[in-house]
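For reference, target.cif (mmCIF, C-alpha atoms):
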data_coords
loop_
_atom_site.label_atom_id
_atom_site.label_comp_id
_atom_site.auth_asym_id
_atom_site.auth_seq_id
_atom_site.Cartn_x
_atom_site.Cartn_y
_atom_site.Cartn_z
CA MET A 1 0.00 0.00 0.00
CA SER A 2 1.42 3.40 -0.99
CA LYS A 3 1.69 6.28 1.49
CA THR A 4 -0.88 8.28 -0.48
CA GLU A 5 -3.33 5.39 -0.52
CA LYS A 6 -2.86 4.96 3.23
CA LEU A 7 -3.56 8.65 3.77
CA TRP A 8 -6.84 8.65 1.85
CA ASP A 9 -7.96 5.39 3.45
CA LYS A 10 -7.62 7.12 6.80
CA MET A 11 -9.31 10.27 5.52
CA SER A 12 -12.34 8.28 4.35
CA LYS A 13 -13.62 7.97 7.92
CA ILE A 14 -14.21 11.72 8.24
CA TYR A 15 -14.18 12.89 4.64
CA ASP A 16 -17.88 13.59 4.09
CA LYS A 17 -18.32 15.24 7.47
CA GLU A 18 -15.26 17.45 7.19
CA THR A 19 -16.05 18.56 3.63
CA LYS A 20 -19.66 19.44 4.44
CA HIS A 21 -18.81 23.12 3.98
CA LEU A 22 -18.13 22.35 0.30
CA ASP A 23 -21.60 20.95 -0.43
CA TRP A 24 -22.34 24.11 -2.43
CA VAL A 25 -19.41 23.30 -4.71
CA ASN A 26 -20.60 19.73 -5.29
CA THR A 27 -24.08 21.01 -6.15
CA LYS A 28 -22.73 23.47 -8.71
CA VAL A 29 -20.37 20.87 -10.18
CA ALA A 30 -23.23 18.42 -10.70
CA GLU A 31 -25.46 21.10 -12.25
CA ASN A 32 -22.78 22.33 -14.65
CA THR A 33 -21.64 18.85 -15.62
CA LYS A 34 -25.13 17.62 -16.47
CA LYS A 35 -25.35 20.22 -19.25
CA TYR A 36 -22.73 18.29 -21.22
CA LEU A 37 -23.96 14.74 -20.63
CA ASN A 38 -26.02 12.42 -22.82
CA GLY A 39 -27.85 9.21 -22.05
CA SER A 40 -25.50 7.22 -24.30
CA ASP A 41 -22.29 8.48 -22.67
CA SER A 42 -19.62 6.23 -21.21
CA VAL A 43 -17.93 8.25 -18.47
CA LEU A 44 -14.65 7.86 -16.60
CA GLU A 45 -14.30 9.71 -13.30
CA ILE A 46 -10.81 10.12 -11.86
CA GLY A 47 -10.56 10.30 -8.07
CA CYS A 48 -14.25 9.77 -7.32
CA GLY A 49 -13.70 9.73 -3.54
CA THR A 50 -16.87 8.84 -1.67
CA GLY A 51 -18.96 9.18 -4.83
CA THR A 52 -20.95 12.28 -3.94
CA ILE A 53 -20.95 13.81 -7.43
CA THR A 54 -20.77 10.45 -9.20
CA ILE A 55 -24.12 9.43 -7.77
CA GLU A 56 -25.77 12.76 -8.59
CA ILE A 57 -25.00 12.52 -12.31
CA ALA A 58 -25.44 8.77 -12.82
CA ASP A 59 -28.99 9.00 -14.14
CA LYS A 60 -27.83 11.26 -17.00
CA VAL A 61 -25.46 8.76 -18.64
CA LYS A 62 -25.22 5.15 -19.79
CA GLU A 63 -22.41 4.16 -17.45
CA ILE A 64 -19.74 5.58 -15.18
CA HIS A 65 -16.39 3.96 -14.46
CA ALA A 66 -15.41 5.65 -11.20
CA ILE A 67 -11.85 5.13 -9.98
CA ASP A 68 -9.91 6.09 -6.88
CA ILE A 69 -6.68 4.97 -5.22
CA SER A 70 -8.42 4.50 -1.85
CA SER A 71 -10.34 1.27 -1.28
CA LYS A 72 -11.95 2.76 1.83
CA MET A 73 -13.28 5.75 -0.09
CA LEU A 74 -14.69 3.36 -2.67
CA GLU A 75 -16.41 1.25 0.00
CA ILE A 76 -18.33 4.34 1.11
CA ALA A 77 -19.15 5.28 -2.48
CA GLU A 78 -20.45 1.78 -3.23
CA ARG A 79 -22.60 1.82 -0.12
CA LYS A 80 -24.13 5.18 -1.09
CA ALA A 81 -24.90 3.94 -4.60
CA GLY A 82 -26.42 0.76 -3.22
CA GLU A 83 -28.67 2.69 -0.85
CA ARG A 84 -30.03 4.64 -3.83
CA LYS A 85 -30.24 1.51 -6.01
CA ILE A 86 -27.95 2.98 -8.68
CA GLU A 87 -26.61 0.21 -10.89
CA ASN A 88 -24.73 1.92 -13.73
CA ILE A 89 -21.62 2.87 -11.74
CA ASP A 90 -18.57 0.59 -11.71
CA PHE A 91 -16.30 1.54 -8.81
CA SER A 92 -12.69 0.41 -9.08
CA GLN A 93 -9.45 0.96 -7.15
CA SER A 94 -7.20 2.14 -9.94
CA THR A 95 -5.45 4.99 -11.72
CA ILE A 96 -5.87 6.21 -15.29
CA PHE A 97 -2.47 4.80 -16.23
CA VAL A 98 -3.35 1.10 -16.01
CA GLU A 99 -3.39 -0.68 -19.36
CA ARG A 100 -6.98 -1.89 -19.23
CA TYR A 101 -8.18 1.63 -20.04
CA LYS A 102 -7.97 1.77 -23.82
CA ARG A 103 -7.45 4.68 -26.19
CA GLU A 104 -10.58 6.59 -27.23
CA SER A 105 -12.87 4.58 -24.93
CA TYR A 106 -14.81 7.36 -23.20
CA ASP A 107 -17.21 10.11 -24.22
CA VAL A 108 -16.56 12.10 -21.02
CA ILE A 109 -13.78 12.16 -18.44
CA LEU A 110 -14.24 13.91 -15.10
CA ALA A 111 -11.63 15.10 -12.56
CA PHE A 112 -13.21 16.86 -9.60
CA ASN A 113 -10.85 18.26 -6.95
CA VAL A 114 -7.94 16.03 -7.97
CA LEU A 115 -5.76 17.81 -10.55
CA HIS A 116 -3.89 19.74 -7.86
CA TYR A 117 -2.62 16.46 -6.35
CA PHE A 118 -0.71 15.40 -9.49
CA GLU A 119 2.94 16.39 -9.74
CA ASP A 120 3.00 15.98 -13.55
CA THR A 121 -0.18 17.63 -14.79
CA GLN A 122 0.87 17.40 -18.44
CA LYS A 123 1.33 13.65 -18.21
CA VAL A 124 -2.16 13.36 -16.75
CA MET A 125 -3.71 15.58 -19.43
CA LYS A 126 -1.99 13.60 -22.18
CA ARG A 127 -3.44 10.38 -20.79
CA ILE A 128 -6.91 11.91 -20.49
CA ASN A 129 -6.69 13.00 -24.11
CA GLU A 130 -5.69 9.47 -25.16
CA LEU A 131 -8.65 7.90 -23.38
CA LEU A 132 -11.26 10.29 -24.76
CA LYS A 133 -13.05 9.71 -28.04
CA PRO A 134 -12.59 12.42 -30.72
CA GLY A 135 -14.69 15.40 -29.68
CA GLY A 136 -15.08 14.00 -26.16
CA TRP A 137 -15.53 16.19 -23.09
CA PHE A 138 -13.23 16.75 -20.14
CA MET A 139 -14.67 18.46 -17.09
CA SER A 140 -12.91 19.44 -13.90
CA VAL A 141 -13.17 21.61 -10.84
CA THR A 142 -9.96 22.59 -9.06
CA PRO A 143 -9.13 24.78 -6.07
CA CYS A 144 -7.24 27.81 -7.36
CA SER A 145 -5.51 29.57 -4.51
CA GLY A 146 -2.37 30.81 -6.24
CA GLU A 147 -3.65 34.06 -7.78
CA THR A 148 -2.20 36.31 -5.09
CA GLN A 149 0.61 36.07 -2.61
CA LYS A 150 -0.54 34.25 0.49
CA SER A 151 0.58 34.86 4.04
CA PHE A 152 1.78 31.86 6.02
CA SER A 153 -1.53 31.74 7.91
CA ASP A 154 -3.46 31.81 4.62
CA ILE A 155 -1.46 28.85 3.34
CA LEU A 156 -2.11 26.89 6.51
CA LYS A 157 -5.83 27.60 6.22
CA ILE A 158 -5.91 26.39 2.62
CA LEU A 159 -3.99 23.23 3.51
CA ARG A 160 -6.36 22.58 6.37
CA ASN A 161 -9.32 22.83 4.01
CA ILE A 162 -7.76 20.47 1.46
CA VAL A 163 -6.32 17.84 3.80
CA PHE A 164 -7.99 18.38 7.12
CA LEU A 165 -7.68 17.55 10.78
CA LEU A 166 -4.65 15.28 10.56
CA PRO A 167 -4.58 14.81 14.36
CA LYS A 168 -7.90 12.95 14.09
CA ILE A 169 -6.37 10.31 11.86
CA GLY A 170 -2.84 10.19 13.20
CA ILE A 171 0.39 11.47 11.75
CA VAL A 172 0.48 10.55 8.08
CA PRO A 173 2.55 11.75 5.11
CA PHE A 174 1.24 14.96 3.63
CA PRO A 175 0.39 14.76 -0.09
CA TYR A 176 1.80 16.90 -2.86
CA ILE A 177 -0.46 19.90 -3.55
CA ARG A 178 -0.08 22.40 -6.37
CA PHE A 179 -1.47 25.91 -5.92
CA PHE A 180 -2.84 26.68 -9.39
CA THR A 181 -3.86 30.10 -10.61
CA PRO A 182 -6.84 30.03 -13.01
CA SER A 183 -4.56 30.95 -15.93
CA GLU A 184 -2.07 28.18 -15.07
CA LEU A 185 -4.90 25.67 -14.90
CA GLU A 186 -6.30 26.79 -18.25
CA ASP A 187 -2.84 26.56 -19.81
CA SER A 188 -2.36 23.02 -18.51
CA ILE A 189 -5.65 21.89 -20.02
CA ALA A 190 -5.18 23.75 -23.31
CA HIS A 191 -1.68 22.30 -23.72
CA GLY A 192 -3.28 18.86 -23.40
CA LYS A 193 -4.92 19.56 -26.79
CA PHE A 194 -8.29 20.66 -25.46
CA GLN A 195 -10.48 23.61 -26.37
CA ILE A 196 -11.93 25.25 -23.27
CA VAL A 197 -15.64 25.87 -23.81
CA GLU A 198 -16.66 27.01 -20.34
CA ALA A 199 -14.62 28.34 -17.45
CA GLU A 200 -16.14 29.68 -14.26
CA ASN A 201 -14.52 30.74 -11.01
CA TRP A 202 -16.61 30.12 -7.91
CA HIS A 203 -15.71 32.20 -4.89
CA GLY A 204 -16.22 30.87 -1.38
CA PRO A 205 -13.91 30.01 1.54
CA GLU A 206 -11.51 29.18 -1.28
CA GLU A 207 -11.76 29.57 -5.04
CA HIS A 208 -12.91 26.65 -7.18
CA TYR A 209 -12.46 26.80 -10.93
CA PHE A 210 -14.84 24.79 -13.13
CA ILE A 211 -13.72 24.00 -16.67
CA ALA A 212 -15.51 22.18 -19.47
CA ALA A 213 -13.20 21.41 -22.38
CA LYS A 214 -13.57 19.53 -25.65
CA LYS A 215 -10.89 17.29 -27.11
CA ASN A 216 -9.44 18.68 -30.30
CA HIS A 217 -9.89 16.42 -33.30
#
Mind turning this structure into structure tokens?
Amino acid sequence: MSKTEKLWDKMSKIYDKETKHLDWVNTKVAENTKKYLNGSDSVLEIGCGTGTITIEIADKVKEIHAIDISSKMLEIAERKAGERKIENIDFSQSTIFVERYKRESYDVILAFNVLHYFEDTQKVMKRINELLKPGGWFMSVTPCSGETQKSFSDILKILRNIVFLLPKIGIVPFPYIRFFTPSELEDSIAHGKFQIVEAENWHGPEEHYFIAAKKNH
């Protein structure tokens, strides 16, 4: 088990409770995403966590392949889906780099609150592009806290919101986190050979940047 997997397994116990203040973000993400979905779509969601958004959009598509590195997060997601009798979601402990995910297999790929955890964003965007069908959609929402210089206390507050209450789960390795600006995030996606169709910055306790982008042919 990797250190990152161990971290998120521990986080799963308190994740939904401690991210309750971000329910407004999840609601807006689901609403915006549904505008781009069709009933025939095959969807891949990267880093689905406890499945909050996955479950909300499931009735709009044919199928969702929802992956996460944490088996404990996935257990919670599967339980939620079962309680609501949702049967078109396949939850799997995986990453997008495993070979069973084939080129041009998906109509839509989703990455909600995960891009800032990848050290090599361009590698991730290249892989997403490979897995999408021509003209397919990529949608993401990402905390963007790098627009202005932050004081030390501001940085600590942001970190606490992203990976919270470590004393509750014990001392565990802290994950890599990138502090994107909106322009840096747009550049990363555009350089992955995508055309950004919609970009919206949501202001709250921290900024969340929603992007809907179409794969270039």
Closest atom pairs, residues of region 52-113 of chain A within 8 Å of region 117-138 of chain A, all atoms listed in the file, as CSV:
residue,atom,partner,partner_atom,distance
A:Ile96,CA,A:Arg127,CA,7.3
A:Phe97,CA,A:Arg127,CA,7.3
A:Tyr101,CA,A:Leu131,CA,7.1
A:Lys102,CA,A:Leu131,CA,6.2
A:Arg103,CA,A:Leu131,CA,4.4
A:Glu104,CA,A:Lys133,CA,4.1
A:Ser105,CA,A:Leu131,CA,5.6
A:Tyr106,CA,A:Leu132,CA,4.9
A:Asp107,CA,A:Gly136,CA,4.8
A:Val108,CA,A:Trp137,CA,4.7
A:Ile109,CA,A:Phe138,CA,4.9
A:Leu110,CA,A:Phe138,CA,5.9
A:Ala111,CA,A:Phe138,CA,7.9
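When CA of Asn216 (chain A) is paired with CA of Gln195 (chain A), their separation reads 6.4 Å.
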Hey, what's within 10 Å of Glu31 (chain A) if we count only C-alpha atoms and toss same-chain stuff fewer than 4 positions away? As a compact mmCIF listing (two decimals) with C-alpha atoms, keeping the file's coordinate frame, please?
# COMPACT_ATOMS: atom_id res chain seq x y z
CA VAL A 25 -19.41 23.30 -4.71
CA ASN A 26 -20.60 19.73 -5.29
CA THR A 27 -24.08 21.01 -6.15
CA LYS A 35 -25.35 20.22 -19.25
CA TYR A 36 -22.73 18.29 -21.22
CA ILE A 53 -20.95 13.81 -7.43
CA GLU A 56 -25.77 12.76 -8.59
CA ILE A 57 -25.00 12.52 -12.31
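Within 8 Å of Val197 (chain A), once only C-alpha atoms are used and residues closer than 2 positions along the same chain are dropped, the contacting residues are Gln195, Ala199, Ile211, Ala212, Ala213 and Lys214 of chain A.
The space between CA of Ser183 (chain A) and CA of Gly49 (chain A) spans 26.2 Å.
Take the candidates A:His208, A:Lys3, A:Met139, A:Tyr176 and check each one against Ile189 (chain A) using only C-alpha atoms; the shortest distance goes to A:Met139.
If you look at CA of Leu74 (chain A) and CA of Ser12 (chain A), they are 8.9 Å away from each other.
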key: Spatial neighbours of Ala81 (chain A), 10 Å, all atoms listed in the file, chain gap at least 4 places, as a VMD selection string   = chain A and resid 50 to 52 54 to 56 58 76 to 77 85 to 89 91
ask   = What does the PyMOL selection byres ((chain A and resi 72) around 12) select in this file, as a ChimeraX atom specification?
value = /A:5-15,48-51,68-71,73-79,91-93
Please write as a PDB file with C-alpha atoms, in the frame of the given file the full residue list that the PyMOL selection byres ((chain A and resi 40) around 6) yields on this file.
ATOM      1  CA  ASN A  38     -26.020  12.420 -22.820  1.00  0.00           C
ATOM      2  CA  GLY A  39     -27.850   9.210 -22.050  1.00  0.00           C
ATOM      3  CA  ASP A  41     -22.290   8.480 -22.670  1.00  0.00           C
ATOM      4  CA  VAL A  61     -25.460   8.760 -18.640  1.00  0.00           C
ATOM      5  CA  LYS A  62     -25.220   5.150 -19.790  1.00  0.00           C
TER       6      LYS A  62
END
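Shortest atom-to-atom contact with Glu200 (chain A) among A:Pro175, A:Asn32, A:Thr4, A:Gly82: A:Asn32, counting all atoms listed in the file.
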key: Of the listed residues A:Val98, A:Val29, A:Ile64, A:Gly192, that which approaches Val43 (chain A) most closely, counting all atoms listed in the file   = A:Ile64
note = Residue with the minimum atom-to-atom distance to Lys28 (chain A), picked from A:Tyr209, A:Asp59, A:Cys144, A:Phe179 with only C-alpha atoms counted, is A:Tyr209
ask   = Just so the selection is clear, what residues does the PyMOL selection byres ((chain A and resi 141) around 6) cover here, as number ranges by chain?
value = A: 112-113, 140, 142, 209-210
